[in-house]
$ cat start05.cif   # mmCIF, C-alpha atoms
data_query
#
loop_
_atom_site.label_atom_id
_atom_site.label_comp_id
_atom_site.auth_asym_id
_atom_site.auth_seq_id
_atom_site.Cartn_x
_atom_site.Cartn_y
_atom_site.Cartn_z
CA MET R 12 64.57 228.49 163.68
CA SER R 13 68.15 227.32 163.91
CA GLU R 14 69.64 225.92 167.06
CA SER R 15 72.51 228.38 167.13
CA LYS R 16 70.06 231.23 167.71
CA ILE R 17 68.76 229.60 170.86
CA GLU R 18 72.18 228.68 172.23
CA ARG R 19 74.43 231.63 171.45
CA LEU R 20 78.02 230.67 170.58
CA ILE R 21 79.37 234.18 171.10
CA SER R 22 78.20 236.36 173.99
CA GLU R 23 77.46 240.08 173.80
CA ASP R 24 80.95 241.04 175.00
CA GLY R 25 82.70 238.80 172.46
CA ILE R 26 83.41 235.72 174.54
CA ARG R 27 82.99 232.33 172.84
CA CYS R 28 81.18 229.30 174.23
CA ASP R 29 84.40 227.90 175.73
CA GLY R 30 85.48 231.19 177.29
CA ARG R 31 87.94 232.26 174.59
CA ARG R 32 88.16 235.67 172.99
CA LEU R 33 87.49 235.84 169.22
CA ASP R 34 91.18 235.80 168.29
CA GLU R 35 92.37 233.42 171.00
CA ILE R 36 93.67 229.94 170.23
CA ARG R 37 93.01 226.87 172.31
CA PRO R 38 95.72 225.58 174.67
CA ILE R 39 98.16 223.62 172.50
CA LYS R 40 100.69 221.10 173.75
CA PHE R 41 103.18 219.43 171.38
CA GLN R 42 105.47 216.58 172.30
CA LEU R 43 108.24 215.04 170.18
CA GLY R 44 109.68 211.55 170.07
CA VAL R 45 106.82 209.65 171.65
CA LEU R 46 107.03 206.44 169.59
CA LYS R 47 109.88 203.95 169.57
CA ASN R 48 109.36 202.07 166.31
CA THR R 49 109.16 205.09 164.02
CA ASP R 50 111.92 207.34 162.70
CA GLY R 51 110.20 210.37 164.12
CA SER R 52 106.98 211.03 165.99
CA ALA R 53 104.94 213.74 167.63
CA TYR R 54 101.82 214.01 169.74
CA VAL R 55 99.57 217.02 169.99
CA GLU R 56 96.80 218.02 172.34
CA TRP R 57 95.02 220.90 170.70
CA GLY R 58 92.22 221.75 173.07
CA ARG R 59 90.22 218.53 173.08
CA THR R 60 91.70 217.35 169.76
CA LYS R 61 94.33 214.65 170.25
CA ILE R 62 96.53 213.44 167.41
CA LEU R 63 99.46 211.08 167.17
CA VAL R 64 101.84 211.28 164.20
CA GLY R 65 104.56 208.82 163.22
CA VAL R 66 107.05 209.30 160.39
CA MET R 67 108.85 206.43 158.71
CA GLY R 68 111.59 207.09 156.24
CA PRO R 69 113.34 208.03 154.12
CA ARG R 70 113.23 204.38 153.16
CA GLU R 71 113.02 202.45 149.92
CA SER R 72 109.85 203.15 147.98
CA HIS R 73 107.39 200.28 147.69
CA PRO R 74 106.04 199.48 145.16
CA LYS R 75 109.25 200.38 143.36
CA HIS R 76 107.63 201.69 140.17
CA LEU R 77 106.20 204.58 142.17
CA ALA R 78 109.65 205.76 143.28
CA LEU R 79 110.70 209.10 141.85
CA SER R 80 114.18 209.21 140.35
CA ASP R 81 114.97 212.76 141.46
CA LYS R 82 113.28 213.10 144.85
CA ALA R 83 111.63 211.36 147.74
CA ARG R 84 107.97 210.45 147.52
CA VAL R 85 106.02 211.92 150.42
CA GLU R 86 102.90 210.05 151.45
CA ALA R 87 100.52 211.01 154.24
CA TYR R 88 97.98 208.66 155.78
CA TYR R 89 95.34 210.52 157.76
CA ARG R 90 93.13 208.22 159.77
CA MET R 91 90.49 208.78 162.37
CA ALA R 92 90.08 206.24 165.12
CA SER R 93 86.63 204.71 165.38
CA PHE R 94 86.29 206.25 168.84
CA SER R 95 87.51 209.70 167.81
CA VAL R 96 84.11 211.22 167.07
CA GLU R 97 80.81 211.33 168.91
CA GLU R 98 79.26 208.61 166.83
CA TRP R 99 81.22 205.48 165.91
CA LYS R 100 83.22 206.03 162.74
CA SER R 101 83.56 203.19 160.29
CA PRO R 102 87.19 202.00 160.25
CA ALA R 103 87.22 202.00 156.46
CA PRO R 104 88.96 205.03 154.91
CA SER R 105 86.27 207.55 154.06
CA ARG R 106 86.28 210.03 151.19
CA ARG R 107 87.14 212.75 153.68
CA GLU R 108 90.16 210.86 155.03
CA VAL R 109 91.56 210.24 151.55
CA GLU R 110 91.14 213.90 150.68
CA LEU R 111 92.75 215.08 153.90
CA SER R 112 95.68 212.73 153.33
CA LYS R 113 96.23 214.43 149.99
CA VAL R 114 95.99 218.01 151.23
CA ILE R 115 98.20 217.29 154.25
CA ARG R 116 100.84 215.76 151.98
CA GLU R 117 100.71 218.77 149.69
CA ALA R 118 100.93 221.15 152.63
CA LEU R 119 104.07 219.48 153.99
CA GLU R 120 105.96 218.60 150.81
CA PRO R 121 107.13 222.17 149.99
CA ALA R 122 108.84 222.33 153.39
CA ILE R 123 110.83 219.10 152.99
CA PHE R 124 114.11 218.85 151.08
CA VAL R 125 112.79 215.92 149.06
CA GLU R 126 115.58 216.22 146.48
CA PHE R 127 118.12 214.98 149.06
CA PHE R 128 116.63 211.49 149.08
CA PRO R 129 116.01 210.28 145.52
CA ARG R 130 114.07 207.02 145.02
CA THR R 131 112.96 206.84 148.62
CA SER R 132 109.65 207.45 150.30
CA ILE R 133 108.74 209.31 153.46
CA ASP R 134 105.54 208.04 155.06
CA ILE R 135 103.60 210.18 157.50
CA PHE R 136 101.02 208.29 159.55
CA ILE R 137 98.46 210.47 161.28
CA GLU R 138 96.12 208.92 163.81
CA VAL R 139 93.35 211.14 165.11
CA LEU R 140 92.53 209.81 168.57
CA GLN R 141 89.99 212.45 169.49
CA ALA R 142 88.49 214.99 167.12
CA ASP R 143 87.16 218.37 168.17
CA GLY R 144 87.61 220.51 165.08
CA SER R 145 90.75 221.67 163.27
CA THR R 146 92.11 218.14 162.93
CA ARG R 147 93.78 218.94 159.62
CA CYS R 148 95.51 221.97 161.13
CA ALA R 149 96.64 220.02 164.17
CA SER R 150 97.77 217.14 161.92
CA ILE R 151 99.90 219.38 159.71
CA SER R 152 101.49 221.17 162.68
CA ALA R 153 102.23 217.89 164.48
CA ALA R 154 103.43 216.13 161.31
CA SER R 155 105.99 218.86 160.65
CA LEU R 156 107.34 218.27 164.17
CA ALA R 157 107.44 214.52 163.58
CA LEU R 158 109.47 215.15 160.41
CA VAL R 159 111.85 217.33 162.42
CA ASP R 160 112.15 214.56 165.01
CA ALA R 161 113.06 212.12 162.21
CA GLY R 162 115.97 214.41 161.30
CA ILE R 163 114.63 215.09 157.82
CA PRO R 164 115.99 218.40 156.48
CA MET R 165 113.26 221.01 156.18
CA ARG R 166 113.08 224.54 154.83
CA ASP R 167 110.84 225.65 157.66
CA LEU R 168 108.31 224.37 160.16
CA VAL R 169 104.74 224.29 158.89
CA ALA R 170 102.23 225.82 161.27
CA SER R 171 98.54 225.64 160.57
CA ILE R 172 95.33 227.07 161.97
CA ALA R 173 91.75 227.78 160.87
CA VAL R 174 89.48 230.80 160.95
CA GLY R 175 85.72 230.45 160.94
CA LYS R 176 82.77 232.75 160.66
CA VAL R 177 80.35 232.22 163.49
CA GLU R 178 77.27 234.33 164.00
CA GLY R 179 78.67 236.93 161.62
CA LYS R 180 82.00 237.24 163.43
CA LEU R 181 85.42 235.91 162.45
CA VAL R 182 86.85 233.58 165.06
CA LEU R 183 90.32 232.04 165.24
CA ASP R 184 90.85 228.31 165.78
CA VAL R 185 87.33 226.94 165.35
CA GLN R 186 86.28 223.98 167.44
CA ASP R 187 83.80 221.32 166.39
CA LYS R 188 80.72 223.07 167.80
CA GLU R 189 81.54 226.35 166.09
CA ASP R 190 82.47 224.60 162.85
CA LYS R 191 79.11 222.87 162.63
CA ALA R 192 77.04 225.95 163.51
CA GLY R 193 79.26 228.43 161.70
CA GLU R 194 78.85 229.94 158.26
CA SER R 195 82.39 229.40 157.03
CA ASP R 196 85.64 227.61 157.77
CA MET R 197 89.05 228.49 156.35
CA PRO R 198 92.15 226.48 157.28
CA MET R 199 95.61 227.66 156.31
CA ALA R 200 99.08 226.11 156.56
CA TYR R 201 101.91 228.56 156.64
CA MET R 202 105.70 228.60 156.77
CA PRO R 203 106.28 231.57 159.09
CA SER R 204 109.90 232.42 158.40
CA LYS R 205 109.44 231.97 154.65
CA ASN R 206 106.12 233.86 154.66
CA ALA R 207 104.72 231.18 152.37
CA VAL R 208 101.28 229.60 152.39
CA THR R 209 101.22 225.87 151.65
CA LEU R 210 97.55 225.17 152.19
CA LEU R 211 94.51 227.38 151.92
CA GLN R 212 91.00 225.98 151.82
CA MET R 213 87.62 227.50 152.39
CA ASP R 214 84.02 226.48 152.57
CA GLY R 215 80.93 228.52 153.26
CA GLN R 216 80.51 232.12 152.30
CA ILE R 217 82.47 235.21 153.32
CA THR R 218 82.93 238.63 151.78
CA HIS R 219 86.14 239.91 150.20
CA ASP R 220 86.86 242.15 153.21
CA GLU R 221 86.31 239.28 155.59
CA PHE R 222 88.68 237.16 153.52
CA LEU R 223 91.45 239.74 153.86
CA GLN R 224 90.80 240.04 157.59
CA SER R 225 90.87 236.25 157.86
CA ILE R 226 94.29 236.05 156.23
CA GLU R 227 95.72 238.50 158.78
CA LEU R 228 94.09 236.55 161.60
CA LEU R 229 95.40 233.26 160.20
CA LYS R 230 98.96 234.57 159.97
CA LYS R 231 98.78 235.76 163.58
CA GLY R 232 97.43 232.38 164.66
CA CYS R 233 100.06 230.44 162.69
CA ILE R 234 102.84 232.44 164.33
CA GLU R 235 101.41 231.55 167.74
CA VAL R 236 101.35 227.87 166.76
CA TYR R 237 104.91 228.23 165.42
CA LYS R 238 106.05 229.54 168.82
CA LYS R 239 104.52 226.49 170.51
CA GLN R 240 106.29 224.22 168.02
CA LYS R 241 109.64 225.84 168.73
CA GLU R 242 109.06 225.55 172.47
CA ALA R 243 108.35 221.83 172.01
CA ILE R 244 111.57 221.35 170.03
CA GLU R 245 113.60 223.16 172.68
CA SER R 246 112.11 221.22 175.57
CA HIS R 247 112.59 217.96 173.63
CA PHE R 248 116.31 218.67 173.20
CA LYS R 249 116.72 219.83 176.79
CA GLY R 250 115.10 216.57 177.91
CA ALA R 251 117.42 214.58 175.63
CA VAL R 252 120.48 216.33 177.09
CA SER R 253 119.43 215.72 180.70
CA ASN R 254 118.72 212.05 179.89
CA GLU R 255 122.24 211.71 178.54
CA GLU R 256 123.67 213.23 181.70
CA GLU R 257 121.72 210.79 183.84
CA ALA R 258 122.96 207.84 181.81
CA MET A 24 127.85 220.96 179.91
CA SER A 25 128.26 224.27 178.14
CA LYS A 26 125.22 226.32 177.30
CA THR A 27 124.06 225.43 173.82
CA LYS A 28 121.51 227.09 171.65
CA ILE A 29 118.79 224.92 170.15
CA VAL A 30 117.58 226.00 166.73
CA SER A 31 114.67 224.71 164.68
CA PRO A 32 114.25 224.50 160.89
CA GLY A 33 113.79 227.82 159.13
CA GLU A 34 115.62 229.85 161.75
CA LYS A 35 117.97 232.44 160.31
CA LEU A 36 121.53 231.78 161.43
CA GLY A 37 123.35 234.55 159.62
CA VAL A 38 124.36 235.76 156.19
CA ILE A 39 126.89 234.24 153.80
CA GLU A 40 129.25 237.18 154.27
CA GLU A 41 129.55 236.09 157.93
CA TYR A 42 129.72 232.30 157.77
CA ILE A 43 130.13 229.32 155.48
CA PRO A 44 126.94 227.22 155.60
CA GLY A 45 127.82 223.84 157.14
CA SER A 46 125.84 220.66 157.71
CA GLY A 47 122.22 221.03 158.77
CA THR A 48 121.90 224.43 157.10
CA TYR A 49 120.92 225.84 153.74
CA GLU A 50 121.42 229.09 151.93
CA GLU A 51 118.73 231.20 150.29
CA ASP A 52 119.03 234.78 148.99
CA GLY A 53 122.39 235.20 150.70
CA LYS A 54 121.01 234.19 154.09
CA ILE A 55 121.78 231.03 156.02
CA PHE A 56 118.91 229.09 157.55
CA SER A 57 118.83 225.99 159.70
CA SER A 58 117.33 222.93 158.01
CA MET A 59 117.24 220.78 161.11
CA ALA A 60 116.46 220.97 164.80
CA GLY A 61 119.52 220.68 166.96
CA GLU A 62 122.41 222.39 168.62
CA LEU A 63 123.83 225.43 166.90
CA GLU A 64 127.55 225.14 166.30
CA ILE A 65 129.58 228.15 165.29
CA ASP A 66 133.21 227.57 164.37
CA PRO A 67 134.85 231.00 164.74
CA LYS A 68 138.15 229.77 163.29
CA ASN A 69 136.76 228.53 159.98
CA ARG A 70 133.87 230.98 160.12
CA SER A 71 131.37 228.22 159.53
CA VAL A 72 127.99 227.59 161.07
CA GLY A 73 126.26 224.23 161.39
CA VAL A 74 123.48 222.43 163.23
CA THR A 75 123.95 219.06 164.94
CA PRO A 76 120.68 217.16 165.10
CA SER A 77 120.00 214.36 167.59
CA LYS A 78 118.93 212.02 164.78
CA LYS A 79 119.92 211.75 161.15
CA PRO A 80 117.99 209.88 158.48
CA ALA A 81 119.27 206.31 158.13
CA VAL A 82 119.95 206.31 154.39
CA PRO A 83 122.98 204.64 152.78
CA GLU A 84 125.53 207.18 151.57
CA VAL A 85 128.71 206.78 149.54
CA GLY A 86 131.42 205.32 151.78
CA ASP A 87 129.05 203.83 154.38
CA VAL A 88 129.79 200.28 155.51
CA VAL A 89 126.60 198.24 155.49
CA GLU A 90 125.53 194.78 156.56
CA GLY A 91 123.44 192.87 154.08
CA ILE A 92 121.93 189.52 153.21
CA VAL A 93 122.32 188.02 149.74
CA VAL A 94 118.79 187.48 148.44
CA GLY A 95 119.44 186.71 144.80
CA MET A 96 122.18 185.57 142.44
CA LYS A 97 122.44 186.50 138.78
CA GLU A 98 125.12 185.77 136.22
CA ASP A 99 127.53 188.47 137.30
CA VAL A 100 125.75 190.24 140.12
CA ALA A 101 124.51 189.39 143.60
CA LEU A 102 121.33 191.05 144.87
CA VAL A 103 121.70 192.20 148.46
CA LYS A 104 119.19 193.42 151.04
CA ILE A 105 120.76 196.04 153.31
CA VAL A 106 119.64 195.37 156.88
CA GLU A 107 121.94 197.67 158.81
CA ILE A 108 124.06 200.73 158.17
CA LYS A 109 127.05 200.84 160.49
CA GLY A 110 127.07 203.94 162.67
CA LYS A 111 123.46 204.87 161.86
CA ARG A 112 120.23 204.16 163.66
CA PRO A 113 118.23 200.98 162.93
CA LEU A 114 116.38 200.91 159.62
CA THR A 115 112.59 200.99 159.40
CA GLY A 116 112.79 199.37 155.97
CA ASP A 117 115.34 197.43 153.97
CA PHE A 118 117.26 198.92 151.05
CA SER A 119 118.07 196.86 147.99
CA ALA A 120 121.59 196.81 146.65
CA GLN A 121 123.80 194.99 144.16
CA LEU A 122 127.27 193.55 144.33
CA HIS A 123 128.83 193.27 140.90
CA ILE A 124 131.47 190.64 140.18
CA SER A 125 134.02 193.33 139.30
CA GLN A 126 133.65 194.90 142.75
CA VAL A 127 134.19 191.69 144.76
CA SER A 128 137.96 191.77 145.29
CA LYS A 129 141.21 193.16 143.94
CA ASP A 130 141.93 189.86 142.18
CA TYR A 131 140.13 188.34 139.22
CA THR A 132 136.88 186.62 140.23
CA LYS A 133 135.90 183.92 137.79
CA SER A 134 132.35 183.43 139.01
CA ILE A 135 130.16 185.40 141.39
CA PHE A 136 129.47 182.06 143.13
CA ASP A 137 133.16 181.99 144.16
CA ALA A 138 132.52 185.16 146.16
CA VAL A 139 129.08 184.98 147.75
CA ASN A 140 126.04 182.75 147.69
CA LEU A 141 122.39 182.93 148.71
CA ASN A 142 121.69 183.80 152.38
CA ASP A 143 125.26 184.88 153.08
CA ARG A 144 125.60 187.78 155.46
CA ILE A 145 128.06 190.28 154.05
CA LEU A 146 129.77 193.51 155.00
CA ALA A 147 130.17 195.90 152.08
CA LYS A 148 130.86 199.49 151.25
CA VAL A 149 128.34 201.65 149.38
CA THR A 150 129.61 203.28 146.19
CA THR A 151 126.50 205.05 144.84
CA GLY A 152 124.07 207.47 146.42
CA TRP A 153 120.71 206.05 145.30
CA ALA A 154 118.84 202.78 144.95
CA PRO A 155 119.74 200.20 143.78
CA TYR A 156 122.87 200.91 145.79
CA GLN A 157 126.09 199.50 144.30
CA LEU A 158 128.34 197.71 146.77
CA SER A 159 132.01 196.82 146.95
CA THR A 160 133.76 194.18 149.06
CA VAL A 161 137.32 194.97 147.98
CA ASP A 162 138.71 195.78 151.47
CA ASP A 163 139.99 193.02 153.78
CA ASP A 164 137.34 193.79 156.40
CA LEU A 165 134.59 193.44 153.82
CA GLY A 166 133.06 190.29 152.42
CA VAL A 167 131.16 187.38 153.92
CA ILE A 168 130.85 187.49 157.71
CA TYR A 169 128.49 184.54 158.15
CA ALA A 170 127.50 181.76 155.78
CA THR A 171 125.76 178.41 155.91
CA CYS A 172 126.60 175.16 154.12
CA THR A 173 124.87 174.81 150.76
CA LYS A 174 124.46 171.09 151.39
CA CYS A 175 123.16 170.82 154.97
CA GLY A 176 122.45 174.38 156.01
CA GLY A 177 124.76 174.17 159.02
CA ASP A 178 127.14 176.95 160.03
CA LEU A 179 130.39 177.32 158.12
CA VAL A 180 133.45 177.79 160.33
CA LEU A 181 136.60 179.64 159.29
CA LYS A 182 139.56 177.27 159.51
CA LYS A 183 142.98 178.05 158.04
CA GLY A 184 141.57 180.68 155.68
CA LYS A 185 138.79 178.42 154.39
CA LEU A 186 135.14 177.96 155.26
CA TYR A 187 134.46 174.41 156.48
CA CYS A 188 131.26 172.58 157.22
CA THR A 189 131.96 170.14 160.06
CA ASN A 190 128.92 168.01 159.17
CA ASP A 191 129.69 167.27 155.55
CA ASN A 192 133.43 167.81 155.77
CA ILE A 193 133.51 170.11 152.76
CA SER A 194 134.86 173.60 152.25
CA GLU A 195 133.34 176.46 150.30
CA LYS A 196 135.06 179.21 148.40
CA LYS A 197 134.01 182.77 149.29
CA LYS A 198 135.27 186.33 149.60
CA ILE A 199 135.75 186.09 153.36
CA SER A 200 135.85 189.17 155.56
CA ARG A 201 138.55 189.49 158.20
CA LEU A 202 135.65 189.90 160.63
CA TYR A 203 134.10 186.47 159.90
CA LEU A 204 132.01 185.59 162.93
CA LEU A 205 132.70 181.86 163.45
CA LYS A 206 136.40 181.20 163.76
CA GLU A 207 138.06 178.09 165.01
#
$ encode --input "start05.cif" --output "structure tokens"
Amino acid sequence: MSESKIERLISEDGIRCDGRRLDEIRPIKFQLGVLKNTDGSAYVEWGRTKILVGVMGPRESHPKHLALSDKARVEAYYRMASFSVEEWKSPAPSRREVELSKVIREALEPAIFVEFFPRTSIDIFIEVLQADGSTRCASISAASLALVDAGIPMRDLVASIAVGKVEGKLVLDVQDKEDKAGESDMPMAYMPSKNAVTLLQMDGQITHDEFLQSIELLKKGCIEVYKKQKEAIESHFKGAVSNEEEA
Amino acid sequence: MSKTKIVSPGEKLGVIEEYIPGSGTYEEDGKIFSSMAGELEIDPKNRSVGVTPSKKPAVPEVGDVVEGIVVGMKEDVALVKIVEIKGKRPLTGDFSAQLHISQVSKDYTKSIFDAVNLNDRILAKVTTGWAPYQLSTVDDDLGVIYATCTKCGGDLVLKKGKLYCTNDNISEKKKISRLYLLKE
């Protein structure tokens, strides 16, 4: 009947199609300060997903009537490159891109001290170079690092990951294949040291018990992503120090 | 180089009974957290804790000296585009600011046109913390650092305390900075 029954995504002993365990995340590599003409930038390789994020600001809000008198305006621009997916994607912003821009902005704004920069705007440009599932999670995690690189004061880092339901089992960090064949997908953005959720979405169908299990799984995954983010920050600063010594 | 600890935003640095929260930190429920990524600095003498980031946002703050270009003239105010903040990293966007006639110099200024004119490059100090930033050119170092002749557009040269155009042989009245770029 369905294709997923012929090609099993999870084997008998609980190993997924790419060799991961059910609660194992993909290899994640963050890098800070990759772009010269932005205030802050970050690059992430999240399995086969590759995303570049640039932050500009705080700078004067344009158009000026949109400026907020008591805080900075945060704006996210999520964009997928035409070559990022299997079939050519139209370069025009799609409904999905506009929606993701909005949810990414709302996931990051609670972490930023926006009240320190009244009447300015902080622009976050997200370019998805290669998409293989969890692009919104990778975007949020990388964007929070780009904001850190820009020196913008933040309450906490925002780490994000998704849980899916594939063949009746909950799996952490869904990739494209699993997302398409799976029954449900649930991304979450989380501030680990504040224990605060800034984004929680879900599609598909899961039971109440599965939902509670998912939340625990998501928290565990977010903390793993958070560790990777902190490692990236440390290695970025160590690199900066050694560069200074060389110069 | 001494061993330094790198912290990232949201990391707990201590409690307020231990330290005074310094720059790059914030306080919540009696605990001190880092708000930036950078080197942790603990001052045991003053019992304060702070974080030094590698980059700070380039936003004009009160007391900053900025370089600007005059983009508009009104009856008693000059509209200025801030293009550089001294001591901060290059801007990714301009900030708009205003120089009011009362903030030009210590002496009485009869007309704003006696102080600055369109396309003048000026050094000024910021006196407010949000846009439109208010500027002041009262100090000797502040004022016009480069200007062109209103008649021919050629460079004006500072000669005996006045700005001369060698082409047209005229001088122009301005609030000149001690750091004027073209001196004879």
$ interface_residues --input "start05.cif" --of "chain R" --to "chain A" --cutoff "7 Å" --atoms "all atoms listed in the file" --output "PDB file with C-alpha atoms, in the coordinates of the input"
ATOM      1  CA  MET R  67     108.850 206.430 158.710  1.00  0.00           C
ATOM      2  CA  GLY R  68     111.590 207.090 156.240  1.00  0.00           C
ATOM      3  CA  PRO R  69     113.340 208.030 154.120  1.00  0.00           C
ATOM      4  CA  ARG R  70     113.230 204.380 153.160  1.00  0.00           C
ATOM      5  CA  GLU R  71     113.020 202.450 149.920  1.00  0.00           C
ATOM      6  CA  PRO R 129     116.010 210.280 145.520  1.00  0.00           C
ATOM      7  CA  ARG R 130     114.070 207.020 145.020  1.00  0.00           C
ATOM      8  CA  VAL R 159     111.850 217.330 162.420  1.00  0.00           C
ATOM      9  CA  ALA R 161     113.060 212.120 162.210  1.00  0.00           C
ATOM     10  CA  GLY R 162     115.970 214.410 161.300  1.00  0.00           C
ATOM     11  CA  ILE R 163     114.630 215.090 157.820  1.00  0.00           C
ATOM     12  CA  PRO R 164     115.990 218.400 156.480  1.00  0.00           C
ATOM     13  CA  MET R 165     113.260 221.010 156.180  1.00  0.00           C
ATOM     14  CA  ARG R 166     113.080 224.540 154.830  1.00  0.00           C
ATOM     15  CA  ASP R 167     110.840 225.650 157.660  1.00  0.00           C
ATOM     16  CA  LEU R 168     108.310 224.370 160.160  1.00  0.00           C
ATOM     17  CA  SER R 204     109.900 232.420 158.400  1.00  0.00           C
ATOM     18  CA  LYS R 241     109.640 225.840 168.730  1.00  0.00           C
ATOM     19  CA  GLU R 245     113.600 223.160 172.680  1.00  0.00           C
TER      20      GLU R 245
END
$ resolve_selection --input "start05.cif" --expression "the PyMOL selection byres ((chain R and resi 29) around 12)" --output "list in words"
Arg19, Leu20, Ile21, Ser22, Gly25, Ile26, Arg27, Cys28, Gly30, Arg31, Arg32, Leu33, Glu35, Ile36, Arg37, Pro38, Gly58, Arg59, Asp184, Val185, Gln186, Asp187, Lys188 and Glu189 of chain R
$ residues_around --input "start05.cif" --residues "Leu122 of chain A" --least-positions-apart "3" --cutoff "7 Å" --atoms "all atoms listed in the file" --output "list of chain:residue names"
A:Val100, A:Ala101, A:Leu102, A:Gln126, A:Gln157, A:Leu158, A:Ser159
$ atom_distance --input "start05.cif" --atom1 "atom CA of Asp66 of chain A" --atom2 "atom CA of Ile123 of chain R"
26.5 Å
$ resolve_selection --input "start05.cif" --expression "the PyMOL selection byres ((chain A and resi 148) around 8)" --output "CSV table (one decimal) with C-alpha atoms, keeping the file's coordinate frame"
chain,number,residue,atom,x,y,z
A,85,VAL,CA,128.7,206.8,149.5
A,86,GLY,CA,131.4,205.3,151.8
A,87,ASP,CA,129.0,203.8,154.4
A,88,VAL,CA,129.8,200.3,155.5
A,89,VAL,CA,126.6,198.2,155.5
A,146,LEU,CA,129.8,193.5,155.0
A,147,ALA,CA,130.2,195.9,152.1
A,149,VAL,CA,128.3,201.6,149.4
A,150,THR,CA,129.6,203.3,146.2
A,158,LEU,CA,128.3,197.7,146.8
A,159,SER,CA,132.0,196.8,147.0
A,160,THR,CA,133.8,194.2,149.1
A,165,LEU,CA,134.6,193.4,153.8
$ resolve_selection --input "start05.cif" --expression "the PyMOL selection byres ((chain A and resi 164) around 7)" --output "VMD selection string"
chain A and resid 162 to 163 165 to 166 200 to 202
$ residues_near_point --input "start05.cif" --point "(85.6, 202.8, 158.5)" --cutoff "10 Å" --atoms "all atoms listed in the file" --output "list in words"
Arg90, Met91, Ala92, Ser93, Trp99, Lys100, Ser101, Pro102, Ala103, Pro104, Ser105 and Glu108 of chain R
$ axis_aligned_box --input "start05.cif" --around "segment 176-184 of chain R" --padding-each-side "8 Å" --output "JSON"
{"center_x": 84.1, "center_y": 232.8, "center_z": 163.2, "size_x": 29.6, "size_y": 24.9, "size_z": 21.1}
$ residues_near_point --input "start05.cif" --point "(83.1, 235.7, 153.4)" --cutoff "7 Å" --atoms "all atoms listed in the file" --output "JSON, numbers by chain"
{"R": [216, 217, 218, 219, 221, 222]}
$ atom_distance --input "start05.cif" --atom1 "atom CA of Leu63 of chain A" --atom2 "atom CA of Tyr42 of chain A"
12.9 Å
$ atom_distance --input "start05.cif" --atom1 "atom CA of Glu138 of chain R" --atom2 "atom CA of Ile172 of chain R"
18.3 Å
$ closest_residue --input "start05.cif" --among "A:Ser194, A:Asn69, A:Ser134, A:Ser125" --to "Glu98 of chain A" --atoms "all atoms listed in the file"
A:Ser134
$ closest_residue --input "start05.cif" --among "R:Thr60, R:Arg107, R:Asp34, R:Gly250" --to "Ser225 of chain R" --atoms "all atoms listed in the file"
R:Asp34
$ closest_residue --input "start05.cif" --among "A:Ile124, A:Ile145, A:Ile108, A:Lys182" --to "Glu84 of chain A" --atoms "only C-alpha atoms"
A:Ile108
$ residues_around --input "start05.cif" --residues "Asn142 of chain A" --least-positions-apart "4" --cutoff "7 Å" --atoms "all atoms listed in the file" --output "ChimeraX atom specification"
/A:92-94
$ closest_residue --input "start05.cif" --among "R:Cys148, R:Leu156, R:Gln212, R:Asp143" --to "Glu242 of chain R" --atoms "only C-alpha atoms"
R:Leu156
$ decode --input "start05.cif" --residues "segment 148-157 of chain A" --atoms "N, CA and C atoms" --output "PDB file, in the first residue's frame"
ATOM      1  N   LYS A 148      29.163  65.183  19.272  1.00  0.00           N
ATOM      2  CA  LYS A 148      28.969  64.298  20.417  1.00  0.00           C
ATOM      3  C   LYS A 148      27.482  63.997  20.550  1.00  0.00           C
ATOM      4  N   VAL A 149      27.156  62.761  20.892  1.00  0.00           N
ATOM      5  CA  VAL A 149      25.756  62.338  21.020  1.00  0.00           C
ATOM      6  C   VAL A 149      25.257  62.688  22.421  1.00  0.00           C
ATOM      7  N   THR A 150      24.056  63.259  22.497  1.00  0.00           N
ATOM      8  CA  THR A 150      23.530  63.646  23.807  1.00  0.00           C
ATOM      9  C   THR A 150      22.222  62.931  24.182  1.00  0.00           C
ATOM     10  N   THR A 151      21.670  62.121  23.266  1.00  0.00           N
ATOM     11  CA  THR A 151      20.493  61.320  23.638  1.00  0.00           C
ATOM     12  C   THR A 151      20.725  59.861  23.255  1.00  0.00           C
ATOM     13  N   GLY A 152      19.950  58.986  23.835  1.00  0.00           N
ATOM     14  CA  GLY A 152      20.177  57.560  23.653  1.00  0.00           C
ATOM     15  C   GLY A 152      19.294  56.889  22.614  1.00  0.00           C
ATOM     16  N   TRP A 153      18.512  57.626  21.850  1.00  0.00           N
ATOM     17  CA  TRP A 153      17.667  56.979  20.840  1.00  0.00           C
ATOM     18  C   TRP A 153      17.475  57.917  19.642  1.00  0.00           C
ATOM     19  N   ALA A 154      17.028  57.322  18.548  1.00  0.00           N
ATOM     20  CA  ALA A 154      16.852  58.085  17.313  1.00  0.00           C
ATOM     21  C   ALA A 154      15.611  58.972  17.404  1.00  0.00           C
ATOM     22  N   PRO A 155      15.571  60.194  16.808  1.00  0.00           N
ATOM     23  CA  PRO A 155      16.729  60.820  16.165  1.00  0.00           C
ATOM     24  C   PRO A 155      17.708  61.337  17.218  1.00  0.00           C
ATOM     25  N   TYR A 156      18.950  60.920  17.091  1.00  0.00           N
ATOM     26  CA  TYR A 156      19.969  61.273  18.079  1.00  0.00           C
ATOM     27  C   TYR A 156      20.235  62.778  18.033  1.00  0.00           C
ATOM     28  N   GLN A 157      20.315  63.405  19.207  1.00  0.00           N
ATOM     29  CA  GLN A 157      20.630  64.830  19.282  1.00  0.00           C
ATOM     30  C   GLN A 157      22.148  64.971  19.406  1.00  0.00           C
TER      31      GLN A 157
END
